[in-house]
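Trainee: To be precise about what I am sending: the file is called query26.cif and holds mmCIF, C-alpha atoms.
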```cif
data_protein
#
loop_
_atom_site.group_PDB
_atom_site.id
_atom_site.type_symbol
_atom_site.label_atom_id
_atom_site.label_comp_id
_atom_site.auth_asym_id
_atom_site.auth_seq_id
_atom_site.Cartn_x
_atom_site.Cartn_y
_atom_site.Cartn_z
ATOM 1 C CA MET A 110 -78.696 126.449 -30.193
ATOM 2 C CA LYS A 111 -80.115 125.494 -33.605
ATOM 3 C CA LEU A 112 -78.034 127.965 -35.553
ATOM 4 C CA ARG A 113 -75.822 126.224 -38.085
ATOM 5 C CA ILE A 114 -72.071 126.497 -37.777
ATOM 6 C CA GLY A 115 -71.099 129.585 -39.749
ATOM 7 C CA LEU A 116 -67.398 129.822 -39.012
ATOM 8 C CA LEU A 117 -64.517 127.457 -39.608
ATOM 9 C CA LEU A 118 -62.776 125.922 -36.611
ATOM 10 C CA CYS A 119 -59.260 127.269 -36.868
ATOM 11 C CA LEU A 120 -57.398 125.630 -34.050
ATOM 12 C CA GLY A 121 -55.154 123.316 -36.117
ATOM 13 C CA LEU A 122 -51.634 122.510 -35.039
ATOM 14 C CA VAL A 123 -48.701 123.787 -37.087
ATOM 15 C CA ALA A 124 -46.458 120.730 -36.917
ATOM 16 C CA VAL A 125 -43.503 119.420 -38.863
ATOM 17 C CA GLY A 126 -44.709 118.056 -42.175
ATOM 18 C CA LEU A 127 -48.257 119.376 -41.686
ATOM 19 C CA GLN A 128 -49.918 122.472 -43.056
ATOM 20 C CA ALA A 129 -51.602 124.807 -40.586
ATOM 21 C CA GLY A 130 -55.229 123.867 -40.062
ATOM 22 C CA LYS A 131 -54.787 120.292 -41.357
ATOM 23 C CA ALA A 132 -54.054 118.532 -38.069
ATOM 24 C CA PRO A 133 -56.820 116.810 -36.095
ATOM 25 C CA ARG A 134 -57.998 118.487 -32.905
ATOM 26 C CA LEU A 135 -58.563 116.343 -29.848
ATOM 27 C CA LEU A 136 -60.561 117.064 -26.708
ATOM 28 C CA ILE A 137 -59.538 114.832 -23.799
ATOM 29 C CA ARG A 138 -62.235 114.817 -21.126
ATOM 30 C CA ILE A 139 -61.989 113.133 -17.734
ATOM 31 C CA ASP A 140 -65.346 112.644 -16.031
ATOM 32 C CA ASP A 141 -66.815 112.234 -12.550
ATOM 33 C CA LEU A 142 -64.473 114.389 -10.450
ATOM 34 C CA GLY A 143 -65.959 114.942 -7.022
ATOM 35 C CA MET A 144 -67.445 111.449 -6.925
ATOM 36 C CA THR A 145 -64.762 109.956 -4.653
ATOM 37 C CA HIS A 146 -61.338 110.789 -3.239
ATOM 38 C CA ALA A 147 -59.783 108.127 -5.479
ATOM 39 C CA VAL A 148 -61.273 109.713 -8.597
ATOM 40 C CA ASN A 149 -59.952 113.121 -7.531
ATOM 41 C CA MET A 150 -56.438 111.807 -6.867
ATOM 42 C CA ALA A 151 -56.360 110.082 -10.244
ATOM 43 C CA ALA A 152 -57.476 113.327 -11.876
ATOM 44 C CA GLN A 153 -54.688 115.143 -10.085
ATOM 45 C CA GLN A 154 -52.159 112.852 -11.752
ATOM 46 C CA VAL A 155 -53.616 113.730 -15.151
ATOM 47 C CA VAL A 156 -53.707 117.460 -14.400
ATOM 48 C CA GLU A 157 -50.045 117.333 -13.404
ATOM 49 C CA GLN A 158 -49.146 116.181 -16.928
ATOM 50 C CA GLY A 159 -49.742 119.787 -17.962
ATOM 51 C CA PHE A 160 -51.461 119.241 -21.317
ATOM 52 C CA PRO A 161 -54.764 120.925 -22.312
ATOM 53 C CA LEU A 162 -57.531 118.978 -20.615
ATOM 54 C CA ASN A 163 -61.276 119.015 -20.006
ATOM 55 C CA ALA A 164 -62.512 117.858 -16.591
ATOM 56 C CA THR A 165 -66.105 117.504 -15.424
ATOM 57 C CA VAL A 166 -67.121 117.778 -11.782
ATOM 58 C CA MET A 167 -70.185 116.252 -10.131
ATOM 59 C CA PHE A 168 -71.145 119.107 -7.817
ATOM 60 C CA ALA A 169 -73.889 117.031 -6.182
ATOM 61 C CA CYS A 170 -71.332 114.561 -4.811
ATOM 62 C CA PRO A 171 -69.568 114.598 -1.422
ATOM 63 C CA TRP A 172 -66.010 115.086 -2.710
ATOM 64 C CA TYR A 173 -66.640 118.011 -5.043
ATOM 65 C CA GLN A 174 -64.780 120.515 -2.856
ATOM 66 C CA GLU A 175 -61.586 118.468 -3.119
ATOM 67 C CA ALA A 176 -62.077 118.325 -6.886
ATOM 68 C CA VAL A 177 -62.271 122.119 -6.923
ATOM 69 C CA ALA A 178 -58.982 122.287 -5.019
ATOM 70 C CA VAL A 179 -57.350 119.933 -7.541
ATOM 71 C CA LEU A 180 -58.482 122.079 -10.479
ATOM 72 C CA LYS A 181 -57.948 125.522 -8.979
ATOM 73 C CA ASP A 182 -55.274 127.661 -10.659
ATOM 74 C CA LYS A 183 -54.813 125.165 -13.489
ATOM 75 C CA PRO A 184 -55.262 127.331 -16.621
ATOM 76 C CA GLN A 185 -54.705 124.402 -18.978
ATOM 77 C CA VAL A 186 -57.861 122.708 -17.643
ATOM 78 C CA SER A 187 -61.340 123.611 -18.848
ATOM 79 C CA VAL A 188 -63.882 122.676 -16.185
ATOM 80 C CA GLY A 189 -67.391 121.463 -16.874
ATOM 81 C CA VAL A 190 -70.377 120.683 -14.665
ATOM 82 C CA HIS A 191 -71.340 117.011 -14.877
ATOM 83 C CA LEU A 192 -75.086 117.411 -14.296
ATOM 84 C CA VAL A 193 -76.331 114.714 -11.934
ATOM 85 C CA LEU A 194 -79.805 113.187 -11.828
ATOM 86 C CA ASN A 195 -78.760 109.626 -10.899
ATOM 87 C CA SER A 196 -77.058 107.993 -7.936
ATOM 88 C CA GLU A 197 -76.033 104.602 -9.272
ATOM 89 C CA TRP A 198 -73.705 102.958 -6.744
ATOM 90 C CA VAL A 199 -74.672 100.313 -4.208
ATOM 91 C CA ASN A 200 -74.217 101.595 -0.624
ATOM 92 C CA TYR A 201 -72.867 104.959 -1.810
ATOM 93 C CA ARG A 202 -75.573 107.436 -2.756
ATOM 94 C CA TRP A 203 -76.139 111.176 -3.094
ATOM 95 C CA GLY A 204 -79.098 113.478 -3.431
ATOM 96 C CA PRO A 205 -80.136 116.841 -4.820
ATOM 97 C CA VAL A 206 -78.320 120.115 -4.215
ATOM 98 C CA ALA A 207 -81.671 121.934 -4.191
ATOM 99 C CA GLY A 208 -82.870 119.800 -1.265
ATOM 100 C CA VAL A 209 -85.259 116.858 -1.133
ATOM 101 C CA CYS A 210 -88.303 118.994 -0.325
ATOM 102 C CA ALA A 211 -87.706 121.197 -3.369
ATOM 103 C CA VAL A 212 -87.496 118.327 -5.875
ATOM 104 C CA PRO A 213 -89.428 115.342 -4.439
ATOM 105 C CA SER A 214 -90.090 113.708 -7.816
ATOM 106 C CA LEU A 215 -86.345 113.280 -8.438
ATOM 107 C CA VAL A 216 -85.617 111.163 -5.350
ATOM 108 C CA ASP A 217 -86.457 107.792 -3.851
ATOM 109 C CA GLU A 218 -87.911 107.117 -0.406
ATOM 110 C CA ASN A 219 -84.524 107.795 1.193
ATOM 111 C CA GLY A 220 -83.966 111.120 -0.527
ATOM 112 C CA PHE A 221 -81.395 109.874 -3.041
ATOM 113 C CA PHE A 222 -81.512 110.344 -6.802
ATOM 114 C CA TRP A 223 -82.989 107.393 -8.684
ATOM 115 C CA ALA A 224 -80.295 104.807 -9.334
ATOM 116 C CA ASN A 225 -80.667 104.444 -13.092
ATOM 117 C CA HIS A 226 -82.470 105.521 -16.251
ATOM 118 C CA LYS A 227 -85.260 102.976 -15.877
ATOM 119 C CA LEU A 228 -86.198 104.137 -12.398
ATOM 120 C CA PHE A 229 -85.937 107.786 -13.435
ATOM 121 C CA ASP A 230 -88.184 107.182 -16.460
ATOM 122 C CA ALA A 231 -90.632 105.060 -14.476
ATOM 123 C CA HIS A 232 -91.560 107.880 -12.096
ATOM 124 C CA ALA A 233 -93.569 111.028 -12.687
ATOM 125 C CA ILE A 234 -90.611 113.358 -12.941
ATOM 126 C CA LYS A 235 -91.616 117.017 -12.881
ATOM 127 C CA LEU A 236 -89.731 119.146 -15.373
ATOM 128 C CA PRO A 237 -89.747 122.309 -13.218
ATOM 129 C CA GLU A 238 -88.018 120.279 -10.500
ATOM 130 C CA VAL A 239 -85.402 119.090 -12.991
ATOM 131 C CA GLU A 240 -84.684 122.679 -13.966
ATOM 132 C CA ALA A 241 -84.509 123.746 -10.316
ATOM 133 C CA GLU A 242 -82.022 120.997 -9.467
ATOM 134 C CA LEU A 243 -79.785 121.514 -12.498
ATOM 135 C CA ARG A 244 -79.778 125.231 -11.811
ATOM 136 C CA ALA A 245 -78.775 124.563 -8.184
ATOM 137 C CA GLN A 246 -75.846 122.438 -9.344
ATOM 138 C CA LEU A 247 -74.712 125.116 -11.803
ATOM 139 C CA GLN A 248 -74.949 127.815 -9.168
ATOM 140 C CA ARG A 249 -72.926 125.737 -6.700
ATOM 141 C CA ALA A 250 -70.303 125.294 -9.410
ATOM 142 C CA LEU A 251 -70.160 129.010 -10.128
ATOM 143 C CA ARG A 252 -69.838 129.774 -6.411
ATOM 144 C CA SER A 253 -66.905 127.374 -6.103
ATOM 145 C CA GLY A 254 -64.403 129.932 -7.353
ATOM 146 C CA ILE A 255 -63.200 128.059 -10.435
ATOM 147 C CA ARG A 256 -64.049 129.043 -13.983
ATOM 148 C CA ILE A 257 -66.811 126.934 -15.549
ATOM 149 C CA ASP A 258 -66.788 126.559 -19.341
ATOM 150 C CA SER A 259 -69.187 123.711 -20.120
ATOM 151 C CA MET A 260 -71.931 121.405 -18.883
ATOM 152 C CA ASP A 261 -72.937 117.855 -19.783
ATOM 153 C CA PRO A 262 -75.195 115.114 -18.371
ATOM 154 C CA HIS A 263 -73.988 112.295 -16.130
ATOM 155 C CA MET A 264 -75.277 109.025 -17.639
ATOM 156 C CA GLY A 265 -77.081 111.108 -20.258
ATOM 157 C CA THR A 266 -80.141 111.496 -18.045
ATOM 158 C CA ALA A 267 -80.411 115.290 -18.149
ATOM 159 C CA THR A 268 -80.738 115.163 -21.947
ATOM 160 C CA GLY A 269 -82.582 111.847 -22.233
ATOM 161 C CA THR A 270 -85.769 113.273 -23.788
ATOM 162 C CA PRO A 271 -86.500 116.301 -25.981
ATOM 163 C CA GLU A 272 -88.114 117.999 -22.995
ATOM 164 C CA LEU A 273 -85.093 117.381 -20.751
ATOM 165 C CA ARG A 274 -82.715 118.440 -23.499
ATOM 166 C CA ALA A 275 -84.625 121.687 -23.900
ATOM 167 C CA ILE A 276 -84.056 122.448 -20.216
ATOM 168 C CA SER A 277 -80.324 121.783 -20.534
ATOM 169 C CA GLU A 278 -80.104 123.975 -23.623
ATOM 170 C CA LYS A 279 -81.991 126.752 -21.861
ATOM 171 C CA LEU A 280 -79.551 126.662 -18.946
ATOM 172 C CA ALA A 281 -76.492 126.436 -21.194
ATOM 173 C CA ASN A 282 -77.680 129.521 -23.028
ATOM 174 C CA GLU A 283 -78.487 131.369 -19.805
ATOM 175 C CA TYR A 284 -75.124 130.604 -18.189
ATOM 176 C CA GLN A 285 -73.202 130.868 -21.480
ATOM 177 C CA LEU A 286 -71.711 127.381 -21.289
ATOM 178 C CA ALA A 287 -70.512 125.063 -24.019
ATOM 179 C CA GLN A 288 -72.212 121.686 -24.421
ATOM 180 C CA PRO A 289 -70.118 118.699 -25.491
ATOM 181 C CA HIS A 290 -71.341 116.942 -28.649
ATOM 182 C CA TYR A 291 -72.815 120.233 -29.896
ATOM 183 C CA PHE A 292 -69.738 121.072 -31.996
ATOM 184 C CA GLY A 293 -69.855 118.020 -34.236
ATOM 185 C CA GLU A 294 -67.196 116.110 -32.292
ATOM 186 C CA ILE A 295 -66.430 112.525 -33.249
ATOM 187 C CA ALA A 296 -66.616 110.885 -29.839
ATOM 188 C CA GLY A 297 -64.823 107.881 -28.413
ATOM 189 C CA SER A 298 -64.584 106.091 -25.077
ATOM 190 C CA LEU A 299 -62.517 103.370 -23.434
ATOM 191 C CA PHE A 300 -65.458 102.188 -21.351
ATOM 192 C CA GLU A 301 -66.000 98.790 -22.968
ATOM 193 C CA GLU A 302 -62.307 97.997 -23.477
ATOM 194 C CA GLN A 303 -60.780 95.484 -21.097
ATOM 195 C CA PRO A 304 -58.171 96.986 -18.734
ATOM 196 C CA GLU A 305 -55.249 95.374 -20.517
ATOM 197 C CA ASN A 306 -56.389 96.828 -23.864
ATOM 198 C CA LYS A 307 -57.154 100.422 -22.892
ATOM 199 C CA THR A 308 -53.758 101.965 -23.696
ATOM 200 C CA LYS A 309 -53.684 100.248 -27.075
ATOM 201 C CA ALA A 310 -57.248 101.404 -27.817
ATOM 202 C CA LEU A 311 -56.445 105.004 -26.891
ATOM 203 C CA VAL A 312 -53.356 105.017 -29.120
ATOM 204 C CA LYS A 313 -55.370 103.574 -32.018
ATOM 205 C CA PHE A 314 -58.039 106.240 -31.572
ATOM 206 C CA VAL A 315 -55.344 108.912 -31.957
ATOM 207 C CA GLU A 316 -53.706 107.183 -34.907
ATOM 208 C CA ASP A 317 -57.039 106.870 -36.763
ATOM 209 C CA MET A 318 -57.990 110.559 -36.463
ATOM 210 C CA LYS A 319 -58.444 112.325 -39.809
ATOM 211 C CA ASP A 320 -56.968 115.679 -40.806
ATOM 212 C CA ASP A 321 -59.186 118.636 -39.921
ATOM 213 C CA GLY A 322 -61.340 116.407 -37.700
ATOM 214 C CA LEU A 323 -62.608 117.367 -34.267
ATOM 215 C CA TYR A 324 -62.482 114.472 -31.809
ATOM 216 C CA LEU A 325 -63.577 113.856 -28.227
ATOM 217 C CA MET A 326 -62.234 111.067 -26.023
ATOM 218 C CA VAL A 327 -64.153 110.578 -22.771
ATOM 219 C CA ILE A 328 -62.143 108.873 -20.040
ATOM 220 C CA HIS A 329 -63.043 107.760 -16.519
ATOM 221 C CA THR A 330 -60.011 107.680 -14.242
ATOM 222 C CA GLY A 331 -59.576 106.382 -10.714
ATOM 223 C CA LEU A 332 -57.125 104.679 -8.405
ATOM 224 C CA GLU A 333 -57.093 100.947 -7.776
ATOM 225 C CA ASP A 334 -57.559 101.172 -4.028
ATOM 226 C CA PRO A 335 -59.993 99.972 -1.318
ATOM 227 C CA GLU A 336 -62.328 102.935 -1.801
ATOM 228 C CA MET A 337 -62.777 102.256 -5.508
ATOM 229 C CA ASN A 338 -62.820 98.483 -4.939
ATOM 230 C CA ALA A 339 -65.907 98.903 -2.775
ATOM 231 C CA LEU A 340 -67.931 100.551 -5.547
ATOM 232 C CA ARG A 341 -70.387 98.336 -7.387
ATOM 233 C CA ASP A 342 -72.939 99.278 -10.009
ATOM 234 C CA ALA A 343 -75.447 96.510 -10.608
ATOM 235 C CA ASP A 344 -76.412 98.035 -13.968
ATOM 236 C CA ASN A 345 -72.849 98.353 -15.223
ATOM 237 C CA VAL A 346 -72.427 96.230 -18.342
ATOM 238 C CA LEU A 347 -68.815 95.642 -17.319
ATOM 239 C CA MET A 348 -70.038 93.595 -14.359
ATOM 240 C CA GLN A 349 -71.539 90.951 -16.689
ATOM 241 C CA GLY A 350 -73.579 89.479 -13.859
ATOM 242 C CA LYS A 351 -70.595 88.979 -11.580
ATOM 243 C CA LYS A 352 -70.173 90.255 -8.034
ATOM 244 C CA ASP A 353 -66.584 91.346 -8.561
ATOM 245 C CA GLU A 354 -66.434 94.629 -6.670
ATOM 246 C CA SER A 355 -62.944 95.490 -7.961
ATOM 247 C CA VAL A 356 -63.967 95.712 -11.627
ATOM 248 C CA VAL A 357 -64.682 99.460 -11.476
ATOM 249 C CA SER A 358 -61.348 100.071 -9.773
ATOM 250 C CA ARG A 359 -59.377 98.087 -12.351
ATOM 251 C CA HIS A 360 -61.070 99.729 -15.304
ATOM 252 C CA ARG A 361 -60.654 103.272 -14.026
ATOM 253 C CA HIS A 362 -57.038 102.732 -13.023
ATOM 254 C CA ALA A 363 -56.297 101.292 -16.461
ATOM 255 C CA GLU A 364 -57.807 104.388 -18.090
ATOM 256 C CA LEU A 365 -55.623 106.568 -15.881
ATOM 257 C CA LYS A 366 -52.517 104.622 -16.911
ATOM 258 C CA ALA A 367 -53.486 104.888 -20.580
ATOM 259 C CA LEU A 368 -53.934 108.643 -20.414
ATOM 260 C CA ILE A 369 -50.626 109.374 -18.687
ATOM 261 C CA SER A 370 -48.713 106.767 -20.676
ATOM 262 C CA GLU A 371 -45.740 107.535 -22.863
ATOM 263 C CA GLU A 372 -47.470 105.603 -25.656
ATOM 264 C CA PHE A 373 -50.349 108.102 -25.697
ATOM 265 C CA LYS A 374 -48.023 111.111 -25.638
ATOM 266 C CA GLN A 375 -45.949 109.729 -28.495
ATOM 267 C CA ALA A 376 -49.077 108.923 -30.533
ATOM 268 C CA VAL A 377 -50.305 112.521 -30.189
ATOM 269 C CA LYS A 378 -46.888 113.846 -31.177
ATOM 270 C CA LYS A 379 -46.521 111.498 -34.136
ATOM 271 C CA ARG A 380 -50.028 112.253 -35.402
ATOM 272 C CA GLY A 381 -49.401 115.988 -35.015
ATOM 273 C CA ALA A 382 -52.673 116.327 -33.107
ATOM 274 C CA LYS A 383 -53.662 119.510 -31.300
ATOM 275 C CA LEU A 384 -55.051 119.040 -27.799
ATOM 276 C CA ILE A 385 -57.742 121.645 -27.165
ATOM 277 C CA THR A 386 -60.499 122.426 -24.657
ATOM 278 C CA TYR A 387 -64.129 123.490 -24.694
ATOM 279 C CA ARG A 388 -62.939 126.902 -23.615
ATOM 280 C CA ASP A 389 -61.129 127.079 -26.954
ATOM 281 C CA LEU A 390 -64.243 126.009 -28.860
ATOM 282 C CA ALA A 391 -66.334 128.596 -27.043
ATOM 283 C CA LYS A 392 -64.018 131.223 -28.513
ATOM 284 C CA LYS A 393 -63.734 129.774 -32.012
ATOM 285 C CA PRO A 394 -66.256 129.390 -33.510
ATOM 286 C CA GLY A 395 -68.211 130.338 -30.424
ATOM 287 C CA LEU A 396 -71.251 129.264 -28.439
ATOM 288 C CA LEU A 397 -73.686 130.327 -31.150
ATOM 289 C CA ALA A 398 -72.195 127.660 -33.410
ATOM 290 C CA MET A 399 -73.513 124.862 -31.198
ATOM 291 C CA LYS A 400 -75.975 122.565 -32.901
ATOM 292 C CA ARG A 401 -78.173 119.975 -31.205
ATOM 293 C CA PRO A 402 -76.923 116.430 -31.928
ATOM 294 C CA GLU A 403 -79.284 113.681 -32.951
ATOM 295 C CA MET A 404 -81.140 112.057 -30.073
ATOM 296 C CA PRO A 405 -79.934 108.491 -29.363
ATOM 297 C CA LYS A 406 -82.377 105.777 -30.336
ATOM 298 C CA LYS A 407 -83.909 103.880 -27.416
#
```
Step by step, read the file and then write its structure as structure tokens.
Mentor:
Amino acid sequence: MKLRIGLLLCLGLVAVGLQAGKAPRLLIRIDDLGMTHAVNMAAQQVVEQGFPLNATVMFACPWYQEAVAVLKDKPQVSVGVHLVLNSEWVNYRWGPVAGVCAVPSLVDENGFFWANHKLFDAHAIKLPEVEAELRAQLQRALRSGIRIDSMDPHMGTATGTPELRAISEKLANEYQLAQPHYFGEIAGSLFEEQPENKTKALVKFVEDMKDDGLYLMVIHTGLEDPEMNALRDADNVLMQGKKDESVVSRHRHAELKALISEEFKQAVKKRGAKLITYRDLAKKPGLLAMKRPEMPKK
């Protein structure tokens, strides 16, 4: 994992007016598939666009089997395991794949994952139990019948400390999976943009990409429907202390609209950007080129 990148990324787009290898490369990643039916149906709309796409599935969540059905036989989609150690929604919770008795330090009194980072950090989490649970999620993913190319942490919890990151790196090496942010990607998100600004922000992100750069845009899609309206995360900064239960729905639906918009497609075409996947990066330059990113400051 600590080996320096020794090969050039050579996935540039040959476009009109651009030299081969000079165009920016863009990874579009949609997260949280398997969380709800509404998230899966939004993802299906994106998948149907047909462009190269990265999609992460939460295999600890109730709707993961539907997510698998959405992604099955879609060669343009590179699937990743969104490793889950938190269950953050009010009145909608999930627990470990390994079973509560196997990983008791990872769950609350009701057998659900701790709701947030603070609760996770405040308890005596046992690292062997973390490894057992993450391994159980990876094995469920591999048994699902779809190809798995990458793995990354939901809410960042599974890589929140050097010790946790070491476990994730061990498993990525064992299962031969790519890890996002380990290829030097310049990452962006629409998370903090207001719904009415998300399409504009996505287009600007594309327009501002530099030649030869490798970029990652992480997007959370969903439908604006009663199921999503009922979700509320008390720790979500978007809530801003309000009890507006539709905020998650509006934000995720706006990110869906941005991603399937004509404005986004035209921006990619005009910029001459090459949409790629982590499956592509695993081939060139390869998994051995991955390098641990700097740990975020707390």
Trainee: Report as a PDB file with C-alpha atoms, keeping the file's coordinate frame all protein, DNA and RNA residues lying within 10 Å of Val209 of chain A, evaluated on only C-alpha atoms, omitting residues in the same chain fewer than 4 positions from it.
Mentor:
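Once written, around_8.pdb looks like this:
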```pdb
ATOM      1  CA  GLY A 204     -79.098 113.478  -3.431  1.00  0.00           C
ATOM      2  CA  PRO A 205     -80.136 116.841  -4.820  1.00  0.00           C
ATOM      3  CA  PRO A 213     -89.428 115.342  -4.439  1.00  0.00           C
ATOM      4  CA  SER A 214     -90.090 113.708  -7.816  1.00  0.00           C
ATOM      5  CA  LEU A 215     -86.345 113.280  -8.438  1.00  0.00           C
ATOM      6  CA  VAL A 216     -85.617 111.163  -5.350  1.00  0.00           C
ATOM      7  CA  ASP A 217     -86.457 107.792  -3.851  1.00  0.00           C
ATOM      8  CA  ASN A 219     -84.524 107.795   1.193  1.00  0.00           C
ATOM      9  CA  GLY A 220     -83.966 111.120  -0.527  1.00  0.00           C
ATOM     10  CA  PHE A 221     -81.395 109.874  -3.041  1.00  0.00           C
ATOM     11  CA  PHE A 222     -81.512 110.344  -6.802  1.00  0.00           C
ATOM     12  CA  GLU A 242     -82.022 120.997  -9.467  1.00  0.00           C
TER      13      GLU A 242
END
```
Trainee: Pick out the residues sitting within 12 Å of Trp223 of chain A, and hand them over as an MDAnalysis selection string; count only C-alpha atoms, and ignore anything fewer than 3 positions along from it in its own chain.
Mentor: chainID A and resid 193:199 202:205 213:220 226:234 264 266
Trainee: Hey, which of A:Thr330, A:Thr308, A:Asn200, A:Ser358 ends up closest to Gln153 of chain A? Count only C-alpha atoms.
Mentor: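 Of all the options, A:Thr330 lies closest to Gln153 of chain A.
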Trainee: Within 8 Å of Glu336 of chain A, counting all atoms listed in the file, which residues qualify if same-chain residues fewer than 3 places away don't, as a list in words?
Mentor: Thr145, Ala147, Ala339 and Leu340 of chain A
Trainee: Restricting it to C-alpha atoms, dump the selection as a short mmCIF file (atom, residue, chain, number, x, y, z; two decimals), in the coordinates of the input.
Mentor:
```
data_model
loop_
_atom_site.label_atom_id
_atom_site.label_comp_id
_atom_site.auth_asym_id
_atom_site.auth_seq_id
_atom_site.Cartn_x
_atom_site.Cartn_y
_atom_site.Cartn_z
CA THR A 145 -64.76 109.96 -4.65
CA ALA A 147 -59.78 108.13 -5.48
CA ALA A 339 -65.91 98.90 -2.78
CA LEU A 340 -67.93 100.55 -5.55
#
```
Trainee: Do you know which residues are at most 7 Å from Ile137 of chain A counting all atoms listed in the file, after dropping those on the same chain fewer than 3 positions away, and could you put them as a PyMOL selection string?
Mentor: chain A and resi 162-163+325-327
Trainee: Using only the atoms of segment 266-277 of chain A listed in the file, plus 4 Å on each side, state the axis-aligned box centre and edge lengths in Å rounded to one decimal, as lines of an AutoDock Vina configuration file.
Mentor:
```
center_x = -84.1
center_y = 117.0
center_z = -22.0
size_x = 16.0
size_y = 19.0
size_z = 15.9
```
Trainee: Do you know which residues are at most 10 Å from Pro402 of chain A counting all atoms listed in the file, after dropping those on the same chain fewer than 6 positions away, and could you put them as a list in words?
Mentor: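 Result of the neighbour search: Lys111, Pro289, His290, Tyr291, Phe292, Gly293 and Glu294 of chain A.
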Trainee: Expand the PyMOL selection byres ((chain A and resi 317) around 12) into the individual residues it matches in the shown file, reporting them as a list of chain:residue names.
Mentor: A:Pro133, A:Leu135, A:Ile295, A:Gly297, A:Ala310, A:Leu311, A:Val312, A:Lys313, A:Phe314, A:Val315, A:Glu316, A:Met318, A:Lys319, A:Asp320, A:Gly322, A:Tyr324, A:Ala376, A:Val377, A:Lys379, A:Arg380, A:Ala382
Trainee: Take the PyMOL selection byres ((chain A and resi 285) around 12), apply it to the structure above, and return the hits as a JSON list (two decimals) with C-alpha atoms, in the frame of the given file.
Mentor:
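So expr.json came out as:
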```
[["chain", "number", "residue", "atom", "x", "y", "z"],
["A", 110, "MET", "CA", -78.70, 126.45, -30.19],
["A", 189, "GLY", "CA", -67.39, 121.46, -16.87],
["A", 247, "LEU", "CA", -74.71, 125.12, -11.80],
["A", 251, "LEU", "CA", -70.16, 129.01, -10.13],
["A", 256, "ARG", "CA", -64.05, 129.04, -13.98],
["A", 257, "ILE", "CA", -66.81, 126.93, -15.55],
["A", 258, "ASP", "CA", -66.79, 126.56, -19.34],
["A", 259, "SER", "CA", -69.19, 123.71, -20.12],
["A", 260, "MET", "CA", -71.93, 121.40, -18.88],
["A", 277, "SER", "CA", -80.32, 121.78, -20.53],
["A", 278, "GLU", "CA", -80.10, 123.98, -23.62],
["A", 279, "LYS", "CA", -81.99, 126.75, -21.86],
["A", 280, "LEU", "CA", -79.55, 126.66, -18.95],
["A", 281, "ALA", "CA", -76.49, 126.44, -21.19],
["A", 282, "ASN", "CA", -77.68, 129.52, -23.03],
["A", 283, "GLU", "CA", -78.49, 131.37, -19.80],
["A", 284, "TYR", "CA", -75.12, 130.60, -18.19],
["A", 286, "LEU", "CA", -71.71, 127.38, -21.29],
["A", 287, "ALA", "CA", -70.51, 125.06, -24.02],
["A", 288, "GLN", "CA", -72.21, 121.69, -24.42],
["A", 388, "ARG", "CA", -62.94, 126.90, -23.62],
["A", 391, "ALA", "CA", -66.33, 128.60, -27.04],
["A", 392, "LYS", "CA", -64.02, 131.22, -28.51],
["A", 395, "GLY", "CA", -68.21, 130.34, -30.42],
["A", 396, "LEU", "CA", -71.25, 129.26, -28.44],
["A", 397, "LEU", "CA", -73.69, 130.33, -31.15],
["A", 399, "MET", "CA", -73.51, 124.86, -31.20]]
```
Trainee: How would you write, as a JSON list (two decimals) with C-alpha atoms, keeping the file's coordinate frame, the residues chosen by the PyMOL selection byres ((chain A and resi 360) around 12) on this structure?
Mentor:
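Just written: result_35.json:
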```json
[["chain", "number", "residue", "atom", "x", "y", "z"],
["A", 299, "LEU", "CA", -62.52, 103.37, -23.43],
["A", 300, "PHE", "CA", -65.46, 102.19, -21.35],
["A", 301, "GLU", "CA", -66.00, 98.79, -22.97],
["A", 302, "GLU", "CA", -62.31, 98.00, -23.48],
["A", 303, "GLN", "CA", -60.78, 95.48, -21.10],
["A", 304, "PRO", "CA", -58.17, 96.99, -18.73],
["A", 305, "GLU", "CA", -55.25, 95.37, -20.52],
["A", 306, "ASN", "CA", -56.39, 96.83, -23.86],
["A", 307, "LYS", "CA", -57.15, 100.42, -22.89],
["A", 308, "THR", "CA", -53.76, 101.96, -23.70],
["A", 328, "ILE", "CA", -62.14, 108.87, -20.04],
["A", 329, "HIS", "CA", -63.04, 107.76, -16.52],
["A", 330, "THR", "CA", -60.01, 107.68, -14.24],
["A", 331, "GLY", "CA", -59.58, 106.38, -10.71],
["A", 332, "LEU", "CA", -57.12, 104.68, -8.40],
["A", 333, "GLU", "CA", -57.09, 100.95, -7.78],
["A", 334, "ASP", "CA", -57.56, 101.17, -4.03],
["A", 337, "MET", "CA", -62.78, 102.26, -5.51],
["A", 338, "ASN", "CA", -62.82, 98.48, -4.94],
["A", 340, "LEU", "CA", -67.93, 100.55, -5.55],
["A", 345, "ASN", "CA", -72.85, 98.35, -15.22],
["A", 347, "LEU", "CA", -68.82, 95.64, -17.32],
["A", 348, "MET", "CA", -70.04, 93.60, -14.36],
["A", 354, "GLU", "CA", -66.43, 94.63, -6.67],
["A", 355, "SER", "CA", -62.94, 95.49, -7.96],
["A", 356, "VAL", "CA", -63.97, 95.71, -11.63],
["A", 357, "VAL", "CA", -64.68, 99.46, -11.48],
["A", 358, "SER", "CA", -61.35, 100.07, -9.77],
["A", 359, "ARG", "CA", -59.38, 98.09, -12.35],
["A", 361, "ARG", "CA", -60.65, 103.27, -14.03],
["A", 362, "HIS", "CA", -57.04, 102.73, -13.02],
["A", 363, "ALA", "CA", -56.30, 101.29, -16.46],
["A", 364, "GLU", "CA", -57.81, 104.39, -18.09],
["A", 365, "LEU", "CA", -55.62, 106.57, -15.88],
["A", 366, "LYS", "CA", -52.52, 104.62, -16.91],
["A", 367, "ALA", "CA", -53.49, 104.89, -20.58]]
```
Trainee: For a test of reading the model, state the distance in Å between atom CA of Glu403 of chain A and atom CA of Leu273 of chain A, rounded to one decimal.
Mentor: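 For atom CA of Glu403 of chain A relative to atom CA of Leu273 of chain A, the distance reads 14.0 Å.
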